[in-house]
Amino acid sequence: MSNVAQGRCLCQAVRLSTTKMNHQIGACHCRMCRKWGGSALLVIDCESEVNFEGTEDISIYQSSDWAERGFCRNCGTHLFYRLKQNQQYFIPVGLFDDAEDLYFEHQIFIDEKPDYYSFANETHNMTGAEFFAQVASEGQ
C-alpha cells in the first residue's frame with residue numbers, strides 16, 4: 001500500500017486521494033466495462049478509503065444491483081467503479097498522478113474478452129462466474 005496517492009479527472013474539476021492504493025492493476029473484460037470505456041477497464045483497488053474534492057461535479061450511474069459507476073459531469077472522465085455492498089472503489093489507473101511500482105496482476109471476465117485484443121503480461125485470470133464466487137465468499 002502507498003502513503004497518499006492522488007489523481008484527477010481530465011478537466012481537474014474532480015480530484016481524489018487515497019491511502020489504500022493497491023499496487024496490483026486489474027483488468028475487467030465484461031461487456032459493460034467495455035461498453036463504458038471502449039475496451040478493458042484497468043483499475044486499482046482502493047478499498048473504501050477514497051476522498052473526493054469537487055463532488056458536485058460527480059455523476060453516478062447505477063449500472064447494476066451491486067455496483068455503480070462515477071464520472072465527471074464536465075469532461076466525462078471515468079472516476080470509479082464502486083461496489084454498493086461495502087463501498088469498495090476501483091479507480092481507473094490512468095487517473096493517478098505519478099503512480100509507481102504498479103504491476104498488472106489479474107484479469108476478470110476473461111470469458112467475455114473479445115478475440116481482437118490480448119495483453120502480453122502473465123496474469124491471474126478469472127471467468128465471470130469465478131469472480132462472482134470469489135466476491136460472494138469474501139462477503140461472508
# chains A, B, ... in the order shown; residues from 1 in each chain; ligands from 1
>>> residues_around(residues="A:Thr123", least_positions_apart="4", cutoff="12 Å", atoms="only C-alpha atoms", output="ChimeraX atom specification")
/A:24-27,103-108,110,118-119
>>> write_last_selection(atoms="C-alpha atoms", output="PDB file, in the first residue's frame")
ATOM      1  CA  GLN A  24      -1.911  -4.523  -8.415  1.00  0.00           C
ATOM      2  CA  ILE A  25      -3.639  -3.465 -11.610  1.00  0.00           C
ATOM      3  CA  GLY A  26      -6.679  -5.475 -12.629  1.00  0.00           C
ATOM      4  CA  ALA A  27      -8.466  -5.593 -15.963  1.00  0.00           C
ATOM      5  CA  TYR A 103       2.060  -4.230 -11.883  1.00  0.00           C
ATOM      6  CA  PHE A 104      -0.607  -5.923 -13.960  1.00  0.00           C
ATOM      7  CA  GLU A 105      -1.787  -8.780 -11.718  1.00  0.00           C
ATOM      8  CA  HIS A 106      -5.200 -10.104 -12.773  1.00  0.00           C
ATOM      9  CA  GLN A 107      -7.971 -10.114 -15.363  1.00  0.00           C
ATOM     10  CA  ILE A 108     -11.640 -10.822 -14.706  1.00  0.00           C
ATOM     11  CA  ILE A 110     -11.780 -13.362 -19.243  1.00  0.00           C
ATOM     12  CA  SER A 118      -4.783  -9.584 -25.901  1.00  0.00           C
ATOM     13  CA  PHE A 119      -2.392  -8.480 -23.165  1.00  0.00           C
TER      14      PHE A 119
END
>>> closest_atom_pairs(of="stretch 26-79 of chain A", to="stretch 2-8 of chain A", cutoff="12 Å", atoms="only C-alpha atoms", output="tab-separated table")
residue	atom	partner	partner_atom	distance
A:Ile44	CA	A:Ala5	CA	11.2
A:Asp45	CA	A:Ser2	CA	11.9
A:Cys46	CA	A:Ala5	CA	9.8
A:Glu49	CA	A:Val4	CA	10.6
A:Val50	CA	A:Ala5	CA	9.6
A:Asn51	CA	A:Gln6	CA	9.5
A:Phe52	CA	A:Arg8	CA	9.3
A:Glu53	CA	A:Arg8	CA	9.3
A:Gly54	CA	A:Arg8	CA	10.0
A:Thr55	CA	A:Arg8	CA	11.9
A:Asp57	CA	A:Arg8	CA	11.9
A:Ile58	CA	A:Arg8	CA	11.8
A:Phe71	CA	A:Arg8	CA	11.2
A:Cys72	CA	A:Arg8	CA	9.9
A:Cys75	CA	A:Arg8	CA	11.3
A:Thr77	CA	A:Arg8	CA	9.1
A:His78	CA	A:Arg8	CA	10.3
A:Leu79	CA	A:Arg8	CA	8.4
>>> atom_distance(atom1="atom CA of A:Glu130", atom2="atom CA of A:Tyr61")
25.1 Å
>>> select_by_dssp(residues="chain A", states="helix (DSSP H, G or I)", output="PyMOL selection string")
chain A and resi 31-37+55-57+93-95+110-112+128-138
>>> atom_distance(atom1="atom CA of A:Glu122", atom2="atom CA of A:Glu68")
29.0 Å
>>> atom_distance(atom1="atom CA of A:Leu102", atom2="atom CA of A:Leu42")
11.7 Å
>>> closest_residue(among="A:Ala120, A:Met21, A:Ala99, A:Leu83", to="A:Asp65", atoms="only C-alpha atoms")
A:Leu83
>>> closest_residue(among="A:Ile60, A:Cys33, A:Val135, A:Met126", to="A:Gln88", atoms="only C-alpha atoms")
A:Val135
>>> select_by_dssp(residues="stretch 87-118 of chain A", states="strand (DSSP E or B)", output="ChimeraX atom specification")
/A:88-92,96,103-108
>>> write_last_selection(atoms="C-alpha atoms", output="CSV table (one decimal), in the first residue's frame")
chain,number,residue,atom,x,y,z
A,88,GLN,CA,-15.2,-0.6,-2.3
A,89,TYR,CA,-13.7,1.6,-5.0
A,90,PHE,CA,-11.9,0.5,-8.1
A,91,ILE,CA,-10.2,3.6,-9.6
A,92,PRO,CA,-9.0,3.7,-13.3
A,96,PHE,CA,-3.4,8.7,-10.6
A,103,TYR,CA,2.1,-4.2,-11.9
A,104,PHE,CA,-0.6,-5.9,-14.0
A,105,GLU,CA,-1.8,-8.8,-11.7
A,106,HIS,CA,-5.2,-10.1,-12.8
A,107,GLN,CA,-8.0,-10.1,-15.4
A,108,ILE,CA,-11.6,-10.8,-14.7
